[in-house]
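For reference, protein04.txt is printed below; it contains compact mmCIF, C-alpha atoms.
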# COMPACT_ATOMS: atom_id res chain seq x y z
CA MET A 1 -17.26 11.53 13.74
CA SER A 2 -19.75 8.96 14.99
CA GLU A 3 -19.18 5.38 16.05
CA PRO A 4 -20.55 2.94 13.46
CA THR A 5 -23.26 0.58 14.64
CA VAL A 6 -22.72 -3.16 14.27
CA SER A 7 -25.19 -3.31 11.38
CA GLU A 8 -23.88 -0.33 9.40
CA PRO A 9 -22.06 -1.25 6.21
CA LEU A 10 -18.39 -0.34 5.98
CA ILE A 11 -15.90 0.45 3.24
CA PHE A 12 -12.25 -0.27 4.03
CA LEU A 13 -10.55 2.27 1.81
CA ASP A 14 -7.09 2.38 0.31
CA PHE A 15 -6.06 5.65 -1.37
CA ASP A 16 -3.16 4.97 -3.76
CA GLY A 17 -4.45 2.99 -6.72
CA VAL A 18 -8.07 3.61 -5.70
CA LEU A 19 -8.49 7.39 -5.27
CA ASN A 20 -5.61 8.12 -7.60
CA SER A 21 -3.87 6.34 -10.45
CA SER A 22 -0.58 6.43 -12.27
CA LYS A 23 -2.45 8.14 -15.12
CA PHE A 24 -3.65 10.92 -12.78
CA LEU A 25 -0.32 11.26 -10.98
CA SER A 26 1.62 11.57 -14.23
CA ALA A 27 0.01 14.99 -14.78
CA LYS A 28 2.75 16.42 -12.47
CA ARG A 29 0.38 18.70 -10.58
CA GLU A 30 3.03 19.24 -7.88
CA GLN A 31 4.62 21.96 -10.00
CA ALA A 32 1.54 24.21 -10.03
CA PRO A 33 1.62 27.25 -7.74
CA ILE A 34 -0.20 26.77 -4.43
CA SER A 35 -3.74 28.16 -4.51
CA ARG A 36 -5.40 30.12 -1.71
CA LYS A 37 -7.77 27.19 -1.10
CA GLU A 38 -4.84 24.76 -0.83
CA ARG A 39 -3.02 27.09 1.56
CA ARG A 40 -6.10 27.23 3.85
CA LEU A 41 -6.47 23.44 3.74
CA VAL A 42 -2.80 22.90 4.53
CA ASP A 43 -3.07 25.29 7.50
CA HIS A 44 -6.18 23.48 8.74
CA LEU A 45 -4.80 19.96 8.23
CA MET A 46 -1.65 20.80 10.21
CA MET A 47 -3.81 20.32 13.34
CA TYR A 48 -4.50 16.70 12.35
CA SER A 49 -1.09 15.69 11.03
CA LEU A 50 0.65 12.84 12.82
CA SER A 51 3.76 12.92 10.65
CA GLY A 52 6.26 13.97 13.31
CA GLN A 53 8.06 16.03 10.65
CA ASP A 54 9.19 19.61 11.11
CA GLU A 55 6.54 22.14 10.11
CA LEU A 56 7.85 22.88 6.62
CA ALA A 57 8.18 19.19 5.72
CA ALA A 58 4.71 18.46 7.17
CA ARG A 59 3.17 21.28 5.12
CA ARG A 60 4.86 19.99 1.97
CA THR A 61 3.59 16.45 2.64
CA ILE A 62 0.02 17.69 3.17
CA LEU A 63 0.12 19.69 -0.09
CA VAL A 64 1.37 16.65 -2.01
CA ASP A 65 -1.36 14.51 -0.42
CA LEU A 66 -4.05 17.03 -1.43
CA ARG A 67 -2.79 17.01 -4.99
CA HIS A 68 -2.63 13.21 -5.11
CA LEU A 69 -6.37 12.70 -4.59
CA ASP A 70 -8.28 12.52 -7.86
CA PRO A 71 -11.83 13.95 -7.58
CA GLU A 72 -13.17 11.57 -10.29
CA PRO A 73 -12.84 8.33 -8.29
CA ILE A 74 -14.20 10.19 -5.26
CA VAL A 75 -17.42 10.77 -7.24
CA LEU A 76 -17.64 6.97 -7.67
CA LEU A 77 -16.85 6.40 -3.99
CA ASN A 78 -19.67 8.81 -3.14
CA GLU A 79 -22.04 6.68 -5.24
CA ILE A 80 -21.12 3.59 -3.23
CA VAL A 81 -21.54 5.51 0.04
CA ARG A 82 -24.93 6.95 -0.95
CA GLU A 83 -26.32 3.67 -2.30
CA SER A 84 -25.18 1.56 0.65
CA GLN A 85 -25.21 4.14 3.47
CA ALA A 86 -21.72 2.82 4.30
CA LYS A 87 -19.20 4.50 6.55
CA VAL A 88 -15.49 4.54 5.71
CA VAL A 89 -12.58 3.05 7.61
CA VAL A 90 -9.25 4.11 6.08
CA SER A 91 -6.89 1.18 5.54
CA SER A 92 -4.46 3.10 3.33
CA THR A 93 -0.94 3.83 4.54
CA TRP A 94 -2.09 7.48 4.42
CA ARG A 95 -3.76 6.72 7.78
CA LEU A 96 -0.34 6.88 9.39
CA GLY A 97 0.01 10.60 8.64
CA TYR A 98 -3.36 11.84 9.95
CA ASP A 99 -5.93 11.14 12.58
CA ALA A 100 -9.44 10.14 11.40
CA GLN A 101 -10.72 13.73 11.42
CA GLY A 102 -7.78 14.84 9.27
CA LEU A 103 -8.52 12.04 6.79
CA GLN A 104 -12.15 13.19 6.70
CA ILE A 105 -11.10 16.77 5.89
CA LEU A 106 -8.60 15.60 3.29
CA LEU A 107 -11.28 13.54 1.50
CA GLU A 108 -13.93 16.25 1.81
CA SER A 109 -11.55 18.74 0.19
CA GLN A 110 -11.89 16.69 -3.00
CA GLY A 111 -15.68 16.25 -2.83
CA PHE A 112 -16.20 13.25 -0.52
CA VAL A 113 -19.68 13.27 1.07
CA GLY A 114 -19.42 10.28 3.40
CA GLU A 115 -18.11 9.82 6.89
CA VAL A 116 -14.74 8.46 8.03
CA VAL A 117 -15.35 6.53 11.24
CA GLY A 118 -11.88 5.19 11.83
CA LYS A 119 -8.65 3.80 10.51
CA THR A 120 -7.11 0.37 10.74
CA PRO A 121 -4.25 -0.26 13.16
CA ASP A 122 -0.66 -0.22 11.95
CA MET A 123 0.66 -3.78 12.02
CA PRO A 124 3.88 -3.55 9.94
CA ALA A 125 4.66 -7.27 9.82
CA LYS A 126 1.10 -8.18 8.82
CA GLN A 127 -0.92 -8.07 5.63
CA ARG A 128 -3.64 -5.44 5.21
CA GLY A 129 -6.27 -8.15 5.65
CA HIS A 130 -4.96 -8.77 9.18
CA GLU A 131 -5.23 -5.05 9.99
CA ILE A 132 -8.85 -5.04 8.76
CA ARG A 133 -9.67 -8.15 10.80
CA ARG A 134 -8.14 -6.51 13.88
CA TRP A 135 -10.23 -3.36 13.37
CA LEU A 136 -13.39 -5.46 12.99
CA LYS A 137 -12.56 -7.46 16.13
CA ASP A 138 -11.61 -4.40 18.19
CA ASN A 139 -14.87 -2.72 17.20
CA GLY A 140 -17.11 -5.74 17.80
CA ARG A 141 -17.99 -6.14 14.13
CA PRO A 142 -18.83 -9.39 12.34
CA LEU A 143 -17.00 -10.45 9.18
CA THR A 144 -19.98 -9.35 7.08
CA ASN A 145 -21.51 -6.16 5.70
CA PHE A 146 -18.30 -4.59 4.38
CA VAL A 147 -16.23 -4.20 1.25
CA ILE A 148 -12.52 -3.54 0.73
CA LEU A 149 -11.47 -1.13 -2.03
CA ASP A 150 -7.77 -1.69 -2.73
CA ASP A 151 -5.30 -2.14 -5.57
CA ASP A 152 -3.40 -4.81 -3.64
CA SER A 153 -4.38 -8.41 -2.91
CA ASP A 154 -2.88 -8.90 0.58
CA MET A 155 -6.25 -9.58 2.21
CA GLY A 156 -5.68 -13.12 3.47
CA GLY A 157 -9.03 -14.71 4.27
CA LEU A 158 -10.94 -11.54 3.32
CA ALA A 159 -10.27 -11.76 -0.43
CA ASP A 160 -13.97 -12.44 -1.11
CA ARG A 161 -14.70 -8.92 0.22
CA LEU A 162 -12.14 -7.23 -2.06
CA VAL A 163 -12.86 -5.06 -5.07
CA LYS A 164 -9.42 -4.94 -6.64
CA THR A 165 -8.65 -1.79 -8.56
CA SER A 166 -5.67 -1.08 -10.79
CA CYS A 167 -2.90 1.32 -9.81
CA LYS A 168 -2.87 2.42 -13.45
CA LEU A 169 -6.55 3.48 -13.49
CA GLY A 170 -7.87 3.64 -9.91
CA LEU A 171 -11.54 3.24 -8.98
CA GLU A 172 -13.69 2.91 -12.09
CA ARG A 173 -17.40 2.63 -12.90
CA GLU A 174 -17.21 -1.19 -13.13
CA HIS A 175 -16.09 -1.35 -9.48
CA VAL A 176 -19.17 0.47 -8.15
CA GLU A 177 -21.68 -2.33 -8.80
CA LYS A 178 -19.26 -4.99 -7.62
CA ALA A 179 -18.68 -3.06 -4.37
CA LEU A 180 -22.42 -2.66 -3.80
CA GLU A 181 -22.99 -6.35 -4.46
CA ILE A 182 -20.30 -7.35 -1.92
CA ILE A 183 -21.39 -4.87 0.74
CA ARG A 184 -24.96 -6.16 0.61
CA ARG A 185 -23.88 -9.81 0.82
CA PRO A 186 -24.14 -11.45 4.26
Encoded form using C-alpha cells:
Amino acid sequence: MSEPTVSEPLIFLDFDGVLNSSKFLSAKREQAPISRKERRLVDHLMMYSLSGQDELAARRTILVDLRHLDPEPIVLLNEIVRESQAKVVVSSTWRLGYDAQGLQILLESQGFVGEVVGKTPDMPAKQRGHEIRRWLKDNGRPLTNFVILDDDSDMGGLADRLVKTSCKLGLEREHVEKALEIIRRP
C-alpha cells in the first residue's frame, strides 16, 4: 500500500448501498455452503481483522462480508479507478473491522483492481463528511480532486463531491460518468 501524492485523485468509498444493494442481498447467499476459495480468504483475512471477536465469530463475520460484496458494482468502480487513476480511501463502517490491507484483500477477492490507500477515522458523533475532511486534513490533501461514493447524504460541506447511490440498487452505470466528472473538477 503506497501513500497517495497530494495530486492523486481519491475515491472515498462506502460499501453498503454502493458495492451491494438490497436487491443483491435479498438473494440470501449466506445459506450456501462455504467454498474452498472462501475458506482460504477467511483464513487469510483473519490476520487483518480488527473485530475483537472470538475466532469463530470473527470468521463468521468475514464470510458474511465476503458474500455481501457484489462483483457487478465493483466492475463499475474499476472503471472509475482506471479512467481517473484514483486511489481508494474506505469511508464505510466496514473500515472498523479491518485494517487497510484487509480491506484491499476483501475488495480484490471480488475483482477490484485499484489500490486502497487508507480509511477514514472513526468519529462516532460526527457525520461522514467530517471524517472525510479529517482524513484530508491529516494527510495534507486539499478539498479538491476527489469524489465520494455513498448511499447516504451526511457529507456536510462536501455534498458537491458526492455521487449518491441507492441502497436498493447500489452503484450503477449512470454514477460512473458523474463520478469521473466530479473527480476531475478542481
(message) I'd like the interatomic distance between CA of Gln110 (chain A) and CA of Pro71 (chain A), to a tenth of an Å.
(response)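 Spanning CA of Gln110 (chain A) to CA of Pro71 (chain A) is a straight-line distance of 5.3 Å.
Residue neighbourhood of region 45-53 of chain A, excluding near-sequence residues (fewer than 5 positions): A:Ala58, A:Gly97, A:Tyr98, A:Asp99, A:Gly102, at 6 Å, using only C-alpha atoms.
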Output C-alpha atoms for every residue in that selection, as a CSV table (one decimal), in the frame of the given file.
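Contents of the output file out_29.csv:
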chain,number,residue,atom,x,y,z
A,58,ALA,CA,4.7,18.5,7.2
A,97,GLY,CA,0.0,10.6,8.6
A,98,TYR,CA,-3.4,11.8,10.0
A,99,ASP,CA,-5.9,11.1,12.6
A,102,GLY,CA,-7.8,14.8,9.3
Per residue of region 24-120 of chain A within 9 Å of region 155-176 of chain A, record the nearest atom pair and its distance in Å to one decimal, counting all atoms listed in the file, with rows in chain order and ascending residue number, as CSV.
residue,atom,partner,partner_atom,distance
A:Phe24,CA,A:Leu169,CA,8.0
A:Glu72,CA,A:Leu171,CA,8.6
A:Pro73,CA,A:Leu171,CA,5.3
A:Ile74,CA,A:Leu171,CA,8.3
A:Leu76,CA,A:Val176,CA,6.7
A:Leu77,CA,A:Val176,CA,7.6
A:Glu79,CA,A:Val176,CA,7.4
A:Ile80,CA,A:Val176,CA,6.1
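Comparing the minimum interatomic distances between Ser84 (chain A) and each of A:Pro124, A:Gly114, A:Leu107, A:Ala27, counting only C-alpha atoms, we find that A:Gly114 sits nearest.
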Per-axis box centre and lengths in Å around region 64-81 of chain A, 8 Å margin per side, axis-aligned, as AutoDock Vina command-line options:
--center_x -10.3 --center_y 10.3 --center_z -5.1 --size_x 39.4 --size_y 29.4 --size_z 26.3
(request) Quote the spacing between CA of Asn139 (chain A) and CA of Phe15 (chain A) in Å to one decimal place. (result) 22.2 Å
(request) Compare A:Asp151, A:Ile105, A:Val81, A:Leu19 by their minimum atom-to-atom distance to His68 (chain A), counting only C-alpha atoms, and give me the closest one. (result)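 Looking at the shortest contact to His68 (chain A), the residue is A:Leu19.
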(request) Pick out the closest residue to Gln104 (chain A) from this set: A:Ile62, A:Arg128, A:Leu180, A:Val89. Count all atoms listed in the file. (result)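 Using all atoms listed in the file, Gln104 (chain A) sits closest to A:Val89.
Distance check against Pro142 (chain A) using all atoms listed in the file: of A:Pro33, A:Pro9, A:Gly111, A:Gly129, the minimum falls on A:Pro9.
Residue nearest Phe146 (chain A), chosen from A:Asn78, A:Ser21, A:Gln85, A:Ser35 and counting all atoms listed in the file: A:Gln85.
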(request) Could you tell me which of A:Leu103, A:Val113, A:Leu56, A:Ile148 comes closest to Ile182 (chain A) if we count all atoms listed in the file? (result)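 Smallest distance to Ile182 (chain A) is found for A:Ile148.
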(request) Give me, please, the distance in Å between CA of Arg141 (chain A) and CA of Glu8 (chain A), quoted to one decimal. (result) 9.5 Å
